[in-house]
Amino acid sequence: MTRSTLNQWFRSAWPPFVAVLLFLTAWEAAVRFFGIEAWILPSPSVIAQEASNSASSLWMHTLSTLQLTLIGFAIGSTFGLLVACALHLVPLLKSALYPLLILSQNVPTIALAPLLMIWFGFGLLPKIIVITLVCFFPVAVSTMDGFAQTDRTMLNYMRMIGAKRTQIFRKLEFPHALPSMFSGLRIAATYSVMGAVIAEWIGAQKGIGYYMILQKSAFRTDRIFAAIVIIVVLSLLLFLLVTLIERLVVRGGRRGESSEGGESR
């Protein structure tokens, strides 16, 4: 990582860091000043202390949620990408199914979760389906939008020189859709953690969602806030992972193309 990259990262990172620090300071001061009881609104210091005391239990539940999240995210994203490619390559299929795909988003995922538990039990499968449904839509729609925004001049040129449909898709449309696809993947990455927690709310024996249900019954607000912090951290980590992969794939590929072009000249 170069010095300019580090400076750019620092300039973009410090404003939100300072904002969060000020927010936590104001929160801590308000709780102490107004004497708010911990079971109603614990201070950040109390939450941090309880998270430290419950570290082993939180770690076990976090690993369970992370495993569930990664499996569901991988399946949902792959399924969304395959559906987007199929609908793009077969226009008749897109005309028939794309409106239904949009309408399907009017049904909240949390409303489907109880049905999935009834149909498939309380094992791993219904939870994976919930996360798959959450991740599928943003990846599919973003990728299809990327296909639709392909450079028309290049598309017409490839058709004029006799390129086959598969060649156009592989060499022009799919590479052009990569930025849009990764935008959908970033959204799906954050949604996948939410989907895992929702699935664990419905029925599970471990996981952050299950942990939150237990602490809600005990009125342990501090532990619930600790679980919320873990959810936020997991979402951010997955978001950053997808961003890193995008940088390696998209920007790295462009640098390779530009260097090849320079050598050819």
# chains A, B, ... in the order shown; residues from 1 in each chain; ligands from 1

$ residues_around --residues "stretch 212-226 of chain A" --least-positions-apart "3" --cutoff "10 Å" --atoms "only C-alpha atoms" --output "VMD selection string"
chain A and resid 38 to 52 54 to 55 58 197 200 to 202 207 to 209 229 to 231

$ residues_around --residues "A:Gly203" --least-positions-apart "4" --cutoff "10 Å" --atoms "only C-alpha atoms" --output "ChimeraX atom specification"
/A:113-114,117,121-123,126-127,198-199,209-210

$ residues_around --residues "A:Ala177" --least-positions-apart "6" --cutoff "9 Å" --atoms "only C-alpha atoms" --output "PyMOL selection string"
chain A and resi 142-150

$ write_last_selection --atoms "C-alpha atoms" --output "PDB file, in the first residue's frame"
ATOM      1  CA  SER A 142     -27.806  -4.946  -9.879  1.00  0.00           C
ATOM      2  CA  THR A 143     -26.191  -7.389 -12.298  1.00  0.00           C
ATOM      3  CA  MET A 144     -29.076  -7.073 -14.760  1.00  0.00           C
ATOM      4  CA  ASP A 145     -28.783  -3.286 -14.584  1.00  0.00           C
ATOM      5  CA  GLY A 146     -25.088  -3.658 -15.382  1.00  0.00           C
ATOM      6  CA  PHE A 147     -25.910  -5.762 -18.435  1.00  0.00           C
ATOM      7  CA  ALA A 148     -28.443  -3.160 -19.591  1.00  0.00           C
ATOM      8  CA  GLN A 149     -25.847  -0.365 -19.396  1.00  0.00           C
ATOM      9  CA  THR A 150     -23.368  -2.034 -21.747  1.00  0.00           C
TER      10      THR A 150
END

$ residues_around --residues "A:Cys85" --least-positions-apart "2" --cutoff "12 Å" --atoms "only C-alpha atoms" --output "compact mmCIF listing (two decimals) with all heavy atoms, in the first residue's frame"
# COMPACT_ATOMS: atom_id res chain seq x y z
N THR A 78 -24.59 -16.43 -5.58
CA THR A 78 -24.40 -17.27 -6.77
C THR A 78 -25.71 -17.47 -7.51
O THR A 78 -25.77 -17.36 -8.75
CB THR A 78 -23.82 -18.64 -6.36
OG1 THR A 78 -22.58 -18.45 -5.68
CG2 THR A 78 -23.58 -19.51 -7.58
N PHE A 79 -26.77 -17.74 -6.77
CA PHE A 79 -28.08 -17.93 -7.39
C PHE A 79 -28.55 -16.64 -8.07
O PHE A 79 -29.09 -16.68 -9.19
CB PHE A 79 -29.08 -18.37 -6.32
CG PHE A 79 -30.45 -18.70 -6.85
CD1 PHE A 79 -30.63 -19.64 -7.84
CD2 PHE A 79 -31.56 -18.05 -6.35
CE1 PHE A 79 -31.89 -19.94 -8.34
CE2 PHE A 79 -32.83 -18.34 -6.83
CZ PHE A 79 -32.99 -19.28 -7.82
N GLY A 80 -28.35 -15.50 -7.42
CA GLY A 80 -28.74 -14.23 -8.03
C GLY A 80 -27.97 -13.94 -9.30
O GLY A 80 -28.53 -13.46 -10.29
N LEU A 81 -26.67 -14.25 -9.30
CA LEU A 81 -25.85 -14.03 -10.50
C LEU A 81 -26.29 -14.94 -11.64
O LEU A 81 -26.40 -14.50 -12.80
CB LEU A 81 -24.39 -14.28 -10.16
CG LEU A 81 -23.38 -14.12 -11.30
CD1 LEU A 81 -23.44 -12.72 -11.87
CD2 LEU A 81 -21.97 -14.43 -10.81
N LEU A 82 -26.56 -16.20 -11.33
CA LEU A 82 -27.00 -17.14 -12.38
C LEU A 82 -28.35 -16.73 -12.96
O LEU A 82 -28.56 -16.80 -14.17
CB LEU A 82 -27.07 -18.55 -11.79
CG LEU A 82 -25.73 -19.19 -11.42
CD1 LEU A 82 -25.96 -20.56 -10.78
CD2 LEU A 82 -24.83 -19.33 -12.64
N VAL A 83 -29.27 -16.32 -12.10
CA VAL A 83 -30.59 -15.88 -12.58
C VAL A 83 -30.46 -14.64 -13.45
O VAL A 83 -31.10 -14.52 -14.50
CB VAL A 83 -31.54 -15.63 -11.40
CG1 VAL A 83 -32.81 -14.91 -11.85
CG2 VAL A 83 -31.91 -16.94 -10.72
N LEU A 87 -31.69 -14.52 -17.32
CA LEU A 87 -32.71 -13.58 -17.78
C LEU A 87 -32.16 -12.65 -18.86
O LEU A 87 -32.89 -12.26 -19.77
CB LEU A 87 -33.24 -12.77 -16.61
CG LEU A 87 -34.01 -13.53 -15.52
CD1 LEU A 87 -34.55 -12.58 -14.47
CD2 LEU A 87 -35.15 -14.35 -16.12
N HIS A 88 -30.89 -12.31 -18.75
CA HIS A 88 -30.30 -11.43 -19.76
C HIS A 88 -30.11 -12.14 -21.09
O HIS A 88 -30.35 -11.56 -22.16
CB HIS A 88 -28.95 -10.89 -19.26
CG HIS A 88 -28.22 -10.08 -20.27
ND1 HIS A 88 -28.64 -8.81 -20.65
CD2 HIS A 88 -27.09 -10.34 -21.01
CE1 HIS A 88 -27.82 -8.34 -21.56
NE2 HIS A 88 -26.87 -9.25 -21.80
N LEU A 89 -29.69 -13.38 -21.04
CA LEU A 89 -29.43 -14.14 -22.26
C LEU A 89 -30.70 -14.62 -22.95
O LEU A 89 -30.68 -14.91 -24.15
CB LEU A 89 -28.52 -15.33 -21.95
CG LEU A 89 -27.09 -14.98 -21.52
CD1 LEU A 89 -26.34 -16.22 -21.07
CD2 LEU A 89 -26.34 -14.28 -22.65
N VAL A 90 -31.78 -14.73 -22.20
CA VAL A 90 -33.05 -15.19 -22.78
C VAL A 90 -34.09 -14.08 -22.57
O VAL A 90 -34.76 -14.02 -21.52
CB VAL A 90 -33.53 -16.51 -22.12
CG1 VAL A 90 -34.78 -17.02 -22.83
CG2 VAL A 90 -32.42 -17.55 -22.15
N PRO A 91 -34.25 -13.17 -23.51
CA PRO A 91 -35.16 -12.02 -23.33
C PRO A 91 -36.60 -12.43 -23.02
O PRO A 91 -37.29 -11.76 -22.24
CB PRO A 91 -35.07 -11.30 -24.69
CG PRO A 91 -33.74 -11.69 -25.24
CD PRO A 91 -33.52 -13.09 -24.79
N LEU A 93 -37.58 -15.01 -21.36
CA LEU A 93 -37.61 -15.39 -19.95
C LEU A 93 -37.61 -14.15 -19.06
O LEU A 93 -38.31 -14.10 -18.04
CB LEU A 93 -36.40 -16.27 -19.65
CG LEU A 93 -36.41 -17.06 -18.34
CD1 LEU A 93 -37.55 -18.06 -18.32
CD2 LEU A 93 -35.07 -17.78 -18.15
N LYS A 94 -36.86 -13.13 -19.47
CA LYS A 94 -36.83 -11.90 -18.69
C LYS A 94 -38.19 -11.21 -18.70
O LYS A 94 -38.65 -10.72 -17.67
CB LYS A 94 -35.75 -10.97 -19.25
CG LYS A 94 -35.65 -9.64 -18.52
CD LYS A 94 -34.55 -8.77 -19.09
CE LYS A 94 -34.47 -7.44 -18.35
NZ LYS A 94 -33.40 -6.56 -18.91
N VAL A 139 -28.35 -8.78 -5.76
CA VAL A 139 -27.33 -9.24 -6.71
C VAL A 139 -27.94 -9.39 -8.09
O VAL A 139 -27.35 -8.94 -9.10
CB VAL A 139 -26.71 -10.56 -6.23
CG1 VAL A 139 -25.75 -11.11 -7.28
CG2 VAL A 139 -25.99 -10.38 -4.91
N ALA A 140 -29.10 -10.01 -8.18
CA ALA A 140 -29.74 -10.24 -9.48
C ALA A 140 -30.09 -8.92 -10.17
O ALA A 140 -29.76 -8.72 -11.35
CB ALA A 140 -30.99 -11.09 -9.30
N VAL A 141 -30.72 -8.01 -9.46
CA VAL A 141 -31.16 -6.75 -10.07
C VAL A 141 -29.97 -5.88 -10.45
O VAL A 141 -29.94 -5.29 -11.54
CB VAL A 141 -32.12 -6.01 -9.12
CG1 VAL A 141 -32.43 -4.61 -9.64
CG2 VAL A 141 -33.41 -6.79 -8.95
N SER A 142 -28.98 -5.77 -9.57
CA SER A 142 -27.81 -4.95 -9.88
C SER A 142 -27.05 -5.49 -11.08
O SER A 142 -26.60 -4.71 -11.95
CB SER A 142 -26.88 -4.88 -8.66
OG SER A 142 -27.52 -4.26 -7.57
N THR A 143 -26.90 -6.80 -11.17
CA THR A 143 -26.19 -7.39 -12.30
C THR A 143 -26.96 -7.17 -13.60
O THR A 143 -26.36 -6.85 -14.64
CB THR A 143 -25.98 -8.90 -12.07
OG1 THR A 143 -25.29 -9.09 -10.82
CG2 THR A 143 -25.15 -9.50 -13.18
N MET A 144 -28.27 -7.32 -13.56
CA MET A 144 -29.08 -7.07 -14.76
C MET A 144 -29.00 -5.62 -15.19
O MET A 144 -28.97 -5.32 -16.39
CB MET A 144 -30.52 -7.49 -14.50
CG MET A 144 -30.70 -9.00 -14.35
SD MET A 144 -32.37 -9.47 -13.88
CE MET A 144 -33.27 -8.98 -15.34
N ASP A 145 -28.96 -4.70 -14.23
CA ASP A 145 -28.78 -3.29 -14.58
C ASP A 145 -27.43 -3.06 -15.25
O ASP A 145 -27.30 -2.26 -16.18
CB ASP A 145 -28.90 -2.42 -13.33
CG ASP A 145 -30.32 -2.30 -12.83
OD1 ASP A 145 -31.25 -2.61 -13.60
OD2 ASP A 145 -30.51 -1.92 -11.65
N GLY A 146 -26.40 -3.76 -14.76
CA GLY A 146 -25.09 -3.66 -15.38
C GLY A 146 -25.10 -4.16 -16.81
O GLY A 146 -24.48 -3.55 -17.71
N PHE A 147 -25.79 -5.26 -17.07
CA PHE A 147 -25.91 -5.76 -18.43
C PHE A 147 -26.61 -4.74 -19.33
O PHE A 147 -26.22 -4.54 -20.48
CB PHE A 147 -26.70 -7.07 -18.45
CG PHE A 147 -25.95 -8.24 -17.86
CD1 PHE A 147 -26.62 -9.22 -17.13
CD2 PHE A 147 -24.59 -8.37 -18.04
CE1 PHE A 147 -25.93 -10.30 -16.59
CE2 PHE A 147 -23.89 -9.45 -17.50
CZ PHE A 147 -24.57 -10.41 -16.78
N ALA A 148 -27.66 -4.10 -18.79
CA ALA A 148 -28.44 -3.16 -19.59
C ALA A 148 -27.66 -1.89 -19.94
O ALA A 148 -27.99 -1.21 -20.91
CB ALA A 148 -29.72 -2.79 -18.84
N THR A 166 -22.26 -15.65 -27.30
CA THR A 166 -21.48 -16.01 -26.11
C THR A 166 -20.21 -15.18 -26.00
O THR A 166 -19.78 -14.84 -24.90
CB THR A 166 -21.13 -17.50 -26.14
OG1 THR A 166 -20.47 -17.81 -27.39
CG2 THR A 166 -22.39 -18.35 -26.02
N PHE A 169 -21.16 -11.75 -24.71
CA PHE A 169 -21.46 -11.81 -23.28
C PHE A 169 -20.18 -11.94 -22.46
O PHE A 169 -20.00 -11.23 -21.46
CB PHE A 169 -22.39 -12.99 -23.00
CG PHE A 169 -22.70 -13.18 -21.54
CD1 PHE A 169 -23.64 -12.37 -20.91
CD2 PHE A 169 -22.05 -14.15 -20.80
CE1 PHE A 169 -23.91 -12.52 -19.57
CE2 PHE A 169 -22.32 -14.31 -19.45
CZ PHE A 169 -23.26 -13.50 -18.84
N ARG A 170 -19.30 -12.81 -22.89
CA ARG A 170 -18.10 -13.10 -22.09
C ARG A 170 -17.07 -11.98 -22.14
O ARG A 170 -16.43 -11.68 -21.12
CB ARG A 170 -17.48 -14.41 -22.60
CG ARG A 170 -16.24 -14.86 -21.85
CD ARG A 170 -15.89 -16.29 -22.21
NE ARG A 170 -15.79 -16.48 -23.64
CZ ARG A 170 -14.69 -16.28 -24.36
NH1 ARG A 170 -13.58 -15.86 -23.75
NH2 ARG A 170 -14.67 -16.50 -25.65
N GLU A 173 -20.21 -7.81 -22.23
CA GLU A 173 -21.32 -7.53 -21.31
C GLU A 173 -20.98 -7.89 -19.86
O GLU A 173 -21.24 -7.11 -18.94
CB GLU A 173 -22.57 -8.29 -21.78
CG GLU A 173 -23.11 -7.76 -23.09
CD GLU A 173 -24.29 -8.57 -23.60
OE1 GLU A 173 -24.33 -9.80 -23.32
OE2 GLU A 173 -25.16 -8.00 -24.27
N PHE A 174 -20.42 -9.09 -19.65
CA PHE A 174 -20.13 -9.50 -18.28
C PHE A 174 -19.05 -8.62 -17.63
O PHE A 174 -19.24 -8.17 -16.49
CB PHE A 174 -19.73 -10.97 -18.24
CG PHE A 174 -19.60 -11.50 -16.84
CD1 PHE A 174 -20.71 -11.83 -16.09
CD2 PHE A 174 -18.34 -11.65 -16.26
CE1 PHE A 174 -20.60 -12.30 -14.80
CE2 PHE A 174 -18.20 -12.13 -14.97
CZ PHE A 174 -19.34 -12.45 -14.23
N ALA A 177 -20.54 -5.38 -16.63
CA ALA A 177 -21.50 -5.45 -15.53
C ALA A 177 -20.85 -5.69 -14.17
O ALA A 177 -21.55 -5.66 -13.15
CB ALA A 177 -22.53 -6.56 -15.80
N MET A 181 -22.48 -5.49 -10.47
CA MET A 181 -22.62 -6.75 -9.74
C MET A 181 -22.03 -6.63 -8.33
O MET A 181 -22.63 -7.07 -7.34
CB MET A 181 -21.92 -7.87 -10.50
CG MET A 181 -22.05 -9.24 -9.85
SD MET A 181 -20.96 -10.48 -10.60
CE MET A 181 -19.37 -9.99 -9.91

$ closest_residue --among "A:Leu21, A:Leu133, A:Met158, A:Leu234" --to "A:Leu101" --atoms "only C-alpha atoms"
A:Leu133

$ closest_residue --among "A:Tyr191, A:Phe34, A:Phe120, A:Phe17" --to "A:Gly76" --atoms "only C-alpha atoms"
A:Tyr191
